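Data block for run-v7.csv (CSV, C-alpha atoms):
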```csv
chain,number,residue,atom,x,y,z
A,1,MET,CA,-35.8,-3.8,7.7
A,2,ARG,CA,-37.2,-1.9,10.7
A,3,ARG,CA,-35.7,-2.2,14.2
A,4,ILE,CA,-36.8,-0.9,17.6
A,5,VAL,CA,-34.0,0.9,19.4
A,6,ALA,CA,-34.0,1.9,23.1
A,7,PHE,CA,-31.6,4.6,24.2
A,8,ARG,CA,-31.0,6.9,27.2
A,9,CYS,CA,-31.8,10.6,27.6
A,10,ALA,CA,-31.3,12.3,31.0
A,11,ASP,CA,-32.0,9.2,33.0
A,12,GLU,CA,-35.0,8.2,31.0
A,13,THR,CA,-35.5,5.5,28.3
A,14,LEU,CA,-36.5,6.7,24.9
A,15,ILE,CA,-37.8,4.3,22.2
A,16,GLY,CA,-37.0,4.8,18.5
A,17,SER,CA,-37.7,3.0,15.2
A,18,LEU,CA,-34.8,2.6,12.8
A,19,ASP,CA,-35.4,1.8,9.1
A,20,VAL,CA,-32.2,0.3,8.0
A,21,ALA,CA,-30.6,1.1,4.7
A,22,ALA,CA,-27.0,1.1,3.3
A,23,GLY,CA,-26.8,4.8,2.4
A,24,THR,CA,-24.4,7.3,4.1
A,25,ILE,CA,-27.0,10.1,4.4
A,26,GLY,CA,-29.5,9.5,7.3
A,27,VAL,CA,-32.8,11.2,8.0
A,28,LEU,CA,-33.8,11.9,11.7
A,29,ILE,CA,-37.5,12.5,11.9
A,30,VAL,CA,-38.9,14.6,14.8
A,31,SER,CA,-42.7,14.3,15.3
A,32,GLY,CA,-44.8,17.4,15.9
A,33,GLY,CA,-47.1,18.2,18.7
A,34,ASN,CA,-47.7,15.2,21.1
A,35,GLU,CA,-47.7,12.7,18.2
A,36,VAL,CA,-45.9,9.4,18.6
A,37,ARG,CA,-43.1,8.5,16.2
A,38,CYS,CA,-45.4,7.1,13.5
A,39,GLY,CA,-46.9,10.6,13.0
A,40,ALA,CA,-50.4,11.7,12.1
A,41,HIS,CA,-52.2,9.0,10.0
A,42,ARG,CA,-48.9,7.0,10.2
A,43,GLY,CA,-47.5,9.6,7.8
A,44,MET,CA,-44.0,9.6,9.3
A,45,ALA,CA,-43.8,5.8,9.3
A,46,ALA,CA,-44.8,5.7,5.6
A,47,LEU,CA,-42.2,8.4,4.8
A,48,ALA,CA,-39.5,6.5,6.6
A,49,THR,CA,-40.4,3.3,4.6
A,50,ALA,CA,-40.2,5.2,1.3
A,51,LEU,CA,-36.9,6.9,2.1
A,52,ALA,CA,-35.3,3.7,3.3
A,53,ALA,CA,-36.4,1.9,0.2
A,54,GLY,CA,-34.4,4.5,-1.7
A,55,GLY,CA,-31.3,3.8,0.3
A,56,MET,CA,-31.6,6.4,3.1
A,57,PRO,CA,-31.6,5.1,6.7
A,58,VAL,CA,-34.3,6.8,8.8
A,59,PHE,CA,-34.6,7.1,12.6
A,60,ARG,CA,-37.8,8.2,14.4
A,61,PHE,CA,-38.4,8.4,18.1
A,62,ASP,CA,-40.8,9.2,20.9
A,63,ARG,CA,-39.5,12.1,23.0
A,64,ARG,CA,-39.7,11.9,26.8
A,65,GLY,CA,-43.3,11.5,28.1
A,66,ILE,CA,-44.7,10.5,24.7
A,67,GLY,CA,-45.7,7.1,23.4
A,68,ASP,CA,-43.3,4.4,24.5
A,69,SER,CA,-40.7,6.7,26.1
A,70,SER,CA,-40.5,7.3,29.8
A,71,GLY,CA,-40.3,10.6,31.6
A,72,ILE,CA,-42.3,13.8,31.6
A,73,ASN,CA,-43.5,15.6,28.4
A,74,GLY,CA,-41.8,19.0,28.4
A,75,GLY,CA,-43.1,20.0,25.0
A,76,PHE,CA,-41.1,20.8,21.9
A,77,GLU,CA,-39.3,23.8,23.4
A,78,ASN,CA,-37.6,21.5,25.9
A,79,ALA,CA,-36.7,18.8,23.4
A,80,ALA,CA,-33.0,19.7,23.0
A,81,ASP,CA,-31.7,16.7,25.0
A,82,ASP,CA,-34.1,14.3,23.3
A,83,ILE,CA,-33.0,15.3,19.8
A,84,MET,CA,-29.3,15.2,20.8
A,85,ALA,CA,-29.8,11.7,22.3
A,86,ALA,CA,-31.7,10.5,19.2
A,87,ALA,CA,-29.0,11.8,16.8
A,88,ALA,CA,-26.3,10.0,18.9
A,89,ALA,CA,-28.3,6.8,18.9
A,90,PHE,CA,-28.8,7.0,15.2
A,91,ARG,CA,-25.1,7.4,14.5
A,92,ALA,CA,-24.2,4.6,16.9
A,93,HIS,CA,-26.5,2.2,15.1
A,94,CYS,CA,-25.6,3.4,11.6
A,95,PRO,CA,-21.8,4.0,11.8
A,96,GLN,CA,-21.6,4.4,8.0
A,97,LEU,CA,-23.4,7.8,8.2
A,98,THR,CA,-21.4,10.8,6.9
A,99,ARG,CA,-24.3,13.2,6.9
A,100,LEU,CA,-27.4,13.6,9.1
A,101,VAL,CA,-30.5,15.5,8.0
A,102,GLY,CA,-33.4,16.4,10.3
A,103,PHE,CA,-37.0,16.4,9.2
A,104,GLY,CA,-40.0,17.6,11.2
A,105,ASN,CA,-43.5,19.0,10.7
A,106,CYS,CA,-45.1,21.8,12.7
A,107,ASP,CA,-43.5,22.3,16.1
A,108,GLY,CA,-41.3,19.3,15.3
A,109,ALA,CA,-39.8,21.5,12.6
A,110,SER,CA,-39.5,24.3,15.1
A,111,ALA,CA,-37.6,22.0,17.6
A,112,LEU,CA,-35.2,21.1,14.9
A,113,ALA,CA,-34.6,24.7,14.0
A,114,LEU,CA,-33.9,25.5,17.7
A,115,PHE,CA,-31.8,22.5,18.5
A,116,GLY,CA,-30.6,21.0,15.3
A,117,GLU,CA,-27.2,22.7,15.4
A,118,GLY,CA,-26.6,21.5,18.9
A,119,ALA,CA,-27.4,17.9,17.9
A,120,GLY,CA,-24.8,18.1,15.1
A,121,LEU,CA,-27.3,17.9,12.2
A,122,ASP,CA,-25.8,18.8,8.9
A,123,ALA,CA,-29.1,20.1,7.3
A,124,LEU,CA,-32.8,20.5,8.0
A,125,VAL,CA,-36.0,19.9,6.1
A,126,LEU,CA,-38.8,21.7,7.9
A,127,ALA,CA,-42.5,21.3,7.0
A,128,ASN,CA,-45.1,23.9,8.0
A,129,PRO,CA,-43.0,25.3,10.8
A,130,TRP,CA,-44.8,26.7,13.9
A,131,VAL,CA,-43.4,30.1,14.6
A,132,VAL,CA,-45.9,31.9,16.9
A,133,ALA,CA,-46.8,31.4,20.5
A,134,THR,CA,-50.4,30.4,21.2
A,135,VAL,CA,-52.3,33.3,22.9
A,136,ASP,CA,-55.9,32.1,22.6
A,137,ASP,CA,-58.0,29.6,20.6
A,138,LEU,CA,-57.9,31.6,17.4
A,139,PRO,CA,-55.4,31.0,14.6
A,140,PRO,CA,-52.5,33.5,14.2
A,141,PRO,CA,-53.3,36.8,12.5
A,142,ALA,CA,-51.5,35.9,9.3
A,143,ALA,CA,-53.6,32.7,9.0
A,144,ILE,CA,-56.8,34.7,9.7
A,145,ARG,CA,-56.0,37.2,7.0
A,146,ALA,CA,-55.3,34.5,4.5
A,147,ARG,CA,-58.6,32.7,5.2
A,148,TYR,CA,-60.6,36.0,4.9
A,149,ALA,CA,-58.9,36.8,1.7
A,150,THR,CA,-59.7,33.4,0.2
A,151,ARG,CA,-63.3,33.4,1.3
A,152,LEU,CA,-64.1,37.0,0.2
A,153,ARG,CA,-63.1,36.0,-3.3
A,154,GLY,CA,-65.8,33.3,-3.5
A,155,PRO,CA,-69.6,33.4,-3.5
A,156,ALA,CA,-70.0,30.8,-0.7
A,157,LEU,CA,-69.3,33.4,2.0
A,158,TRP,CA,-72.1,35.7,1.0
A,159,ALA,CA,-74.5,32.8,0.7
A,160,ASP,CA,-73.6,31.5,4.2
A,161,LEU,CA,-73.9,35.0,5.6
A,162,ALA,CA,-77.4,35.4,4.1
A,163,ARG,CA,-78.5,32.1,5.6
A,164,GLY,CA,-77.1,32.8,9.0
A,165,ARG,CA,-74.4,30.2,8.8
A,166,ILE,CA,-71.6,32.6,9.8
A,167,ASN,CA,-70.6,32.9,13.4
A,168,ILE,CA,-70.6,36.7,13.7
A,169,SER,CA,-69.0,36.8,17.2
A,170,SER,CA,-66.1,34.6,16.0
A,171,GLY,CA,-65.7,36.8,12.9
A,172,ILE,CA,-65.5,39.9,15.1
A,173,ARG,CA,-62.9,38.2,17.3
A,174,GLY,CA,-60.9,37.4,14.2
A,175,LEU,CA,-60.9,41.0,13.0
A,176,ARG,CA,-59.8,42.2,16.4
A,177,ARG,CA,-57.0,39.7,16.3
A,178,ILE,CA,-55.9,41.0,12.9
A,179,PHE,CA,-56.0,44.7,13.9
A,180,GLY,CA,-55.1,44.4,17.5
A,181,THR,CA,-51.8,45.4,19.1
A,182,HIS,CA,-50.4,41.9,19.3
A,183,SER,CA,-48.0,41.2,16.5
A,184,ASP,CA,-46.7,37.8,15.2
A,185,ALA,CA,-43.3,39.4,15.0
A,186,GLU,CA,-43.2,39.7,18.8
A,187,SER,CA,-42.9,35.9,19.2
A,188,PRO,CA,-39.5,34.8,20.7
A,189,LEU,CA,-40.1,31.5,19.0
A,190,GLU,CA,-40.1,33.2,15.6
A,191,LYS,CA,-36.8,34.9,16.4
A,192,GLY,CA,-35.3,31.7,17.6
A,193,PHE,CA,-36.5,29.8,14.6
A,194,PHE,CA,-35.0,32.1,12.0
A,195,ALA,CA,-31.7,32.3,14.0
A,196,GLY,CA,-31.6,28.5,13.9
A,197,ILE,CA,-32.1,28.2,10.2
A,198,ALA,CA,-29.5,30.8,9.6
A,199,THR,CA,-26.8,28.5,11.0
A,200,VAL,CA,-27.9,25.2,9.5
A,201,PRO,CA,-28.7,24.8,5.8
A,202,SER,CA,-32.5,24.5,5.7
A,203,THR,CA,-35.2,23.7,3.2
A,204,ILE,CA,-38.9,24.6,3.9
A,205,VAL,CA,-41.8,22.4,2.8
A,206,ILE,CA,-45.2,24.2,2.7
A,207,ALA,CA,-48.7,22.8,2.5
A,208,LYS,CA,-50.1,25.7,0.4
A,209,GLY,CA,-53.6,25.8,2.1
A,210,ASP,CA,-52.5,25.2,5.7
A,211,ALA,CA,-52.9,28.0,8.2
A,212,THR,CA,-49.7,27.2,10.0
A,213,ALA,CA,-47.8,27.3,6.7
A,214,GLN,CA,-49.5,30.7,5.8
A,215,THR,CA,-48.3,32.1,9.1
A,216,PHE,CA,-44.8,31.0,8.4
A,217,LEU,CA,-44.8,32.5,5.0
A,218,ALA,CA,-45.9,35.9,6.5
A,219,ALA,CA,-43.0,35.6,9.0
A,220,ALA,CA,-40.5,34.7,6.2
A,221,LYS,CA,-41.6,37.7,4.2
A,222,ARG,CA,-41.2,40.0,7.2
A,223,ARG,CA,-37.7,38.7,7.8
A,224,ARG,CA,-36.8,38.6,4.1
A,225,TRP,CA,-35.9,34.9,4.2
A,226,ARG,CA,-35.0,33.6,0.7
A,227,GLY,CA,-34.0,30.0,1.4
A,228,PRO,CA,-35.1,27.0,-0.7
A,229,MET,CA,-38.8,26.0,-0.5
A,230,HIS,CA,-41.1,23.3,-1.8
A,231,VAL,CA,-44.8,24.1,-2.0
A,232,ILE,CA,-47.2,21.2,-2.1
A,233,GLU,CA,-50.8,21.9,-3.4
A,234,THR,CA,-52.7,20.7,-0.3
A,235,ALA,CA,-54.6,22.1,2.6
A,236,SER,CA,-53.7,19.2,4.8
A,237,HIS,CA,-51.3,20.2,7.6
A,238,SER,CA,-50.1,16.6,8.0
A,239,PHE,CA,-50.0,15.9,4.2
A,240,ALA,CA,-52.8,13.4,4.5
A,241,GLY,CA,-54.7,14.3,1.3
A,242,PRO,CA,-54.8,12.4,-2.0
A,243,GLY,CA,-51.3,12.3,-3.5
A,244,ASP,CA,-49.8,14.2,-0.5
A,245,ALA,CA,-47.6,11.4,0.7
A,246,ASP,CA,-45.9,11.0,-2.7
A,247,ALA,CA,-45.4,14.8,-3.0
A,248,LEU,CA,-43.9,15.0,0.5
A,249,PHE,CA,-41.6,12.0,-0.2
A,250,THR,CA,-40.4,13.7,-3.4
A,251,ALA,CA,-39.8,17.1,-1.6
A,252,VAL,CA,-37.9,15.5,1.3
A,253,ARG,CA,-35.8,13.2,-1.0
A,254,GLU,CA,-34.8,16.1,-3.2
A,255,ALA,CA,-34.0,18.4,-0.3
A,256,VAL,CA,-31.9,15.7,1.4
A,257,ARG,CA,-30.0,15.1,-1.8
```
Rewritten as structure tokens:
Amino acid sequence: MRRIVAFRCADETLIGSLDVAAGTIGVLIVSGGNEVRCGAHRGMAALATALAAGGMPVFRFDRRGIGDSSGINGGFENAADDIMAAAAAFRAHCPQLTRLVGFGNCDGASALALFGEGAGLDALVLANPWVVATVDDLPPPAAIRARYATRLRGPALWADLARGRINISSGIRGLRRIFGTHSDAESPLEKGFFAGIATVPSTIVIAKGDATAQTFLAAAKRRRWRGPMHVIETASHSFAGPGDADALFTAVREAVR
């Protein structure tokens, strides 16, 4: 059974969806970007349905200024109060909970890493975490390097180059981004993210071909992070490819357990 829940956050009204189940471990889903609580391609709603069918209550919500919630959208880096209010509402409506796990994708994962401890979450499951600040319209250097490495190994790049299908100016910008002075490691977000997952038990879920995931893996290597990780064979950032929903459900269920 799914219920709509209204709750307060800093004088605003937030709207959440509660998938009811009898279990004592609950999953709080935080959407990434400016997505409403159903997620891209309704992926978070589908995940909630599957988890609840297995006995885990799930709570999703629209943060301030998004979807059905009132207020001003302050972005994921200002979502601390939203996550704390959602966690409190979840516990109030499911008093049987003894353990609360946060799940998010992209900057939803980043928000949980930054603010999960303050919200009293017991563990985190973080998919394709966003760990770099956006400085232009190009992907982060680690993602560009991974894309070049993949394309250089295949014949399609050379055929496209010969036929004039390659955007040379974009390629030059990408190379400058790789070899420029700006470093991914300079991102305060990256530092805050890894500080957060050092204090709350965390599992990372990776879409193997996704640029954001590749950037995270480069950051994890730099910081010698050796925590638990599930890798899903997909290039879809939102796990929208064939079989991705089942793979994501399995990864989240096993991490929560």
| field | A:Leu97, A:Val5, A:Ala40, A:Val125 ranked by distance to Arg60 in chain A, top pick (using all atoms listed in the file) | value |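 Distance minimum relative to Arg60 in chain A lands on A:Val5.
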| task | Point out the residue among A:Gly16, A:Gly54, A:Gly33, A:Gly23 with the least atom-to-atom distance to Asp68 in chain A, counting only C-alpha atoms. | result |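 When distances to Asp68 in chain A are compared using only C-alpha atoms, the smallest one comes from A:Gly16.
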| 9 Å contact set for Met84 in chain A, all atoms listed in the file, chain neighbours under 2 positions out, as a PyMOL selection string | chain A and resi 9+79-82+86-89+115-116+118-120
| message | Given all atoms listed in the file as the basis, pick out the residue of A:Ala46, A:Leu121, A:Met1, A:Leu28 nearest to Ala240 in chain A. | response | A:Ala46
| Rounded to one decimal in Å, what is the spacing between CA of Ala111 in chain A and CA of Glu77 in chain A? | 6.3 Å
| request: Mind giving me the straight-line distance from CA of Ala213 in chain A to CA of Leu114 in chain A in Å, one decimal? | output: 17.8 Å
| task | Could you tell me which of A:Arg3, A:Arg91, A:Lys191, A:Arg253 comes closest to Phe103 in chain A if we count all atoms listed in the file? | result |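 Result for the nearest residue to Phe103 in chain A: A:Arg253.
Going from CA of Gln96 in chain A to CA of Ala48 in chain A covers 18.1 Å.
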| Which is closer to Gly71 in chain A than all the others in A:Gly26, A:Ile232, A:Arg8, A:Ala85, using all atoms listed in the file? |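 Looking only at the distances to Gly71 in chain A, the closest residue turns out to be A:Arg8.
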| task | Quick one: everything within 7 Å of Ala123 in chain A, counting only C-alpha atoms, minus sequence neighbours fewer than 3 positions away in the same chain. Send it as a ChimeraX atom specification. | result | /A:100-102,200-202
Atoms are missing here; could range 187-198 of chain A be completed with all heavy atoms and written as a PDB file, in the frame of the given file?
```
ATOM      1  N   SER A 187     -43.069  37.266  18.693  1.00  0.00           N
ATOM      2  CA  SER A 187     -42.900  35.900  19.200  1.00  0.00           C
ATOM      3  C   SER A 187     -41.374  35.600  19.348  1.00  0.00           C
ATOM      4  O   SER A 187     -40.631  35.610  18.355  1.00  0.00           O
ATOM      5  CB  SER A 187     -43.516  34.906  18.276  1.00  0.00           C
ATOM      6  OG  SER A 187     -43.099  33.611  18.585  1.00  0.00           O
ATOM      7  N   PRO A 188     -40.908  35.260  20.556  1.00  0.00           N
ATOM      8  CA  PRO A 188     -39.500  34.800  20.700  1.00  0.00           C
ATOM      9  C   PRO A 188     -39.255  33.533  19.917  1.00  0.00           C
ATOM     10  O   PRO A 188     -38.137  33.304  19.461  1.00  0.00           O
ATOM     11  CB  PRO A 188     -39.399  34.560  22.223  1.00  0.00           C
ATOM     12  CG  PRO A 188     -40.480  35.373  22.846  1.00  0.00           C
ATOM     13  CD  PRO A 188     -41.610  35.363  21.857  1.00  0.00           C
ATOM     14  N   LEU A 189     -40.290  32.711  19.757  1.00  0.00           N
ATOM     15  CA  LEU A 189     -40.100  31.500  19.000  1.00  0.00           C
ATOM     16  C   LEU A 189     -39.759  31.808  17.540  1.00  0.00           C
ATOM     17  O   LEU A 189     -38.880  31.164  16.957  1.00  0.00           O
ATOM     18  CB  LEU A 189     -41.411  30.661  19.031  1.00  0.00           C
ATOM     19  CG  LEU A 189     -41.443  29.400  18.159  1.00  0.00           C
ATOM     20  CD1 LEU A 189     -40.308  28.458  18.518  1.00  0.00           C
ATOM     21  CD2 LEU A 189     -42.800  28.703  18.302  1.00  0.00           C
ATOM     22  N   GLU A 190     -40.429  32.817  16.964  1.00  0.00           N
ATOM     23  CA  GLU A 190     -40.100  33.200  15.600  1.00  0.00           C
ATOM     24  C   GLU A 190     -38.638  33.638  15.486  1.00  0.00           C
ATOM     25  O   GLU A 190     -37.919  33.220  14.574  1.00  0.00           O
ATOM     26  CB  GLU A 190     -41.018  34.325  15.117  1.00  0.00           C
ATOM     27  CG  GLU A 190     -40.711  34.787  13.697  1.00  0.00           C
ATOM     28  CD  GLU A 190     -41.550  35.964  13.263  1.00  0.00           C
ATOM     29  OE1 GLU A 190     -42.789  35.893  13.389  1.00  0.00           O
ATOM     30  OE2 GLU A 190     -40.961  36.957  12.785  1.00  0.00           O
ATOM     31  N   LYS A 191     -38.207  34.442  16.432  1.00  0.00           N
ATOM     32  CA  LYS A 191     -36.800  34.900  16.400  1.00  0.00           C
ATOM     33  C   LYS A 191     -35.848  33.748  16.519  1.00  0.00           C
ATOM     34  O   LYS A 191     -34.849  33.674  15.796  1.00  0.00           O
ATOM     35  CB  LYS A 191     -36.602  35.916  17.524  1.00  0.00           C
ATOM     36  CG  LYS A 191     -37.421  37.186  17.380  1.00  0.00           C
ATOM     37  CD  LYS A 191     -37.248  38.104  18.583  1.00  0.00           C
ATOM     38  CE  LYS A 191     -38.126  39.348  18.459  1.00  0.00           C
ATOM     39  NZ  LYS A 191     -38.016  40.217  19.663  1.00  0.00           N
ATOM     40  N   GLY A 192     -36.139  32.814  17.438  1.00  0.00           N
ATOM     41  CA  GLY A 192     -35.300  31.700  17.600  1.00  0.00           C
ATOM     42  C   GLY A 192     -35.255  30.761  16.403  1.00  0.00           C
ATOM     43  O   GLY A 192     -34.203  30.221  16.027  1.00  0.00           O
ATOM     44  N   PHE A 193     -36.409  30.609  15.769  1.00  0.00           N
ATOM     45  CA  PHE A 193     -36.500  29.800  14.600  1.00  0.00           C
ATOM     46  C   PHE A 193     -35.607  30.293  13.469  1.00  0.00           C
ATOM     47  O   PHE A 193     -34.801  29.551  12.901  1.00  0.00           O
ATOM     48  CB  PHE A 193     -37.947  29.683  14.104  1.00  0.00           C
ATOM     49  CG  PHE A 193     -38.120  28.840  12.877  1.00  0.00           C
ATOM     50  CD1 PHE A 193     -38.408  27.502  12.978  1.00  0.00           C
ATOM     51  CD2 PHE A 193     -37.973  29.392  11.601  1.00  0.00           C
ATOM     52  CE1 PHE A 193     -38.545  26.713  11.839  1.00  0.00           C
ATOM     53  CE2 PHE A 193     -38.099  28.622  10.464  1.00  0.00           C
ATOM     54  CZ  PHE A 193     -38.390  27.268  10.580  1.00  0.00           C
ATOM     55  N   PHE A 194     -35.743  31.570  13.152  1.00  0.00           N
ATOM     56  CA  PHE A 194     -35.000  32.100  12.000  1.00  0.00           C
ATOM     57  C   PHE A 194     -33.484  32.222  12.373  1.00  0.00           C
ATOM     58  O   PHE A 194     -32.643  32.123  11.474  1.00  0.00           O
ATOM     59  CB  PHE A 194     -35.554  33.450  11.589  1.00  0.00           C
ATOM     60  CG  PHE A 194     -36.792  33.290  10.768  1.00  0.00           C
ATOM     61  CD1 PHE A 194     -38.059  33.367  11.342  1.00  0.00           C
ATOM     62  CD2 PHE A 194     -36.719  33.018   9.405  1.00  0.00           C
ATOM     63  CE1 PHE A 194     -39.206  33.193  10.587  1.00  0.00           C
ATOM     64  CE2 PHE A 194     -37.859  32.841   8.643  1.00  0.00           C
ATOM     65  CZ  PHE A 194     -39.110  32.924   9.234  1.00  0.00           C
ATOM     66  N   ALA A 195     -33.158  32.376  13.635  1.00  0.00           N
ATOM     67  CA  ALA A 195     -31.700  32.300  14.000  1.00  0.00           C
ATOM     68  C   ALA A 195     -31.195  30.930  13.798  1.00  0.00           C
ATOM     69  O   ALA A 195     -30.047  30.762  13.349  1.00  0.00           O
ATOM     70  CB  ALA A 195     -31.596  32.730  15.495  1.00  0.00           C
ATOM     71  N   GLY A 196     -32.008  29.909  14.096  1.00  0.00           N
ATOM     72  CA  GLY A 196     -31.600  28.500  13.900  1.00  0.00           C
ATOM     73  C   GLY A 196     -31.326  28.166  12.474  1.00  0.00           C
ATOM     74  O   GLY A 196     -30.311  27.540  12.143  1.00  0.00           O
ATOM     75  N   ILE A 197     -32.228  28.542  11.587  1.00  0.00           N
ATOM     76  CA  ILE A 197     -32.100  28.200  10.200  1.00  0.00           C
ATOM     77  C   ILE A 197     -31.024  29.037   9.477  1.00  0.00           C
ATOM     78  O   ILE A 197     -30.654  28.756   8.337  1.00  0.00           O
ATOM     79  CB  ILE A 197     -33.392  28.164   9.412  1.00  0.00           C
ATOM     80  CG1 ILE A 197     -33.996  29.564   9.322  1.00  0.00           C
ATOM     81  CG2 ILE A 197     -34.368  27.188  10.044  1.00  0.00           C
ATOM     82  CD1 ILE A 197     -35.240  29.622   8.423  1.00  0.00           C
ATOM     83  N   ALA A 198     -30.550  30.060  10.172  1.00  0.00           N
ATOM     84  CA  ALA A 198     -29.500  30.800   9.600  1.00  0.00           C
ATOM     85  C   ALA A 198     -28.111  30.145   9.828  1.00  0.00           C
ATOM     86  O   ALA A 198     -27.126  30.476   9.158  1.00  0.00           O
ATOM     87  CB  ALA A 198     -29.414  32.233  10.264  1.00  0.00           C
TER      88      ALA A 198
END
```
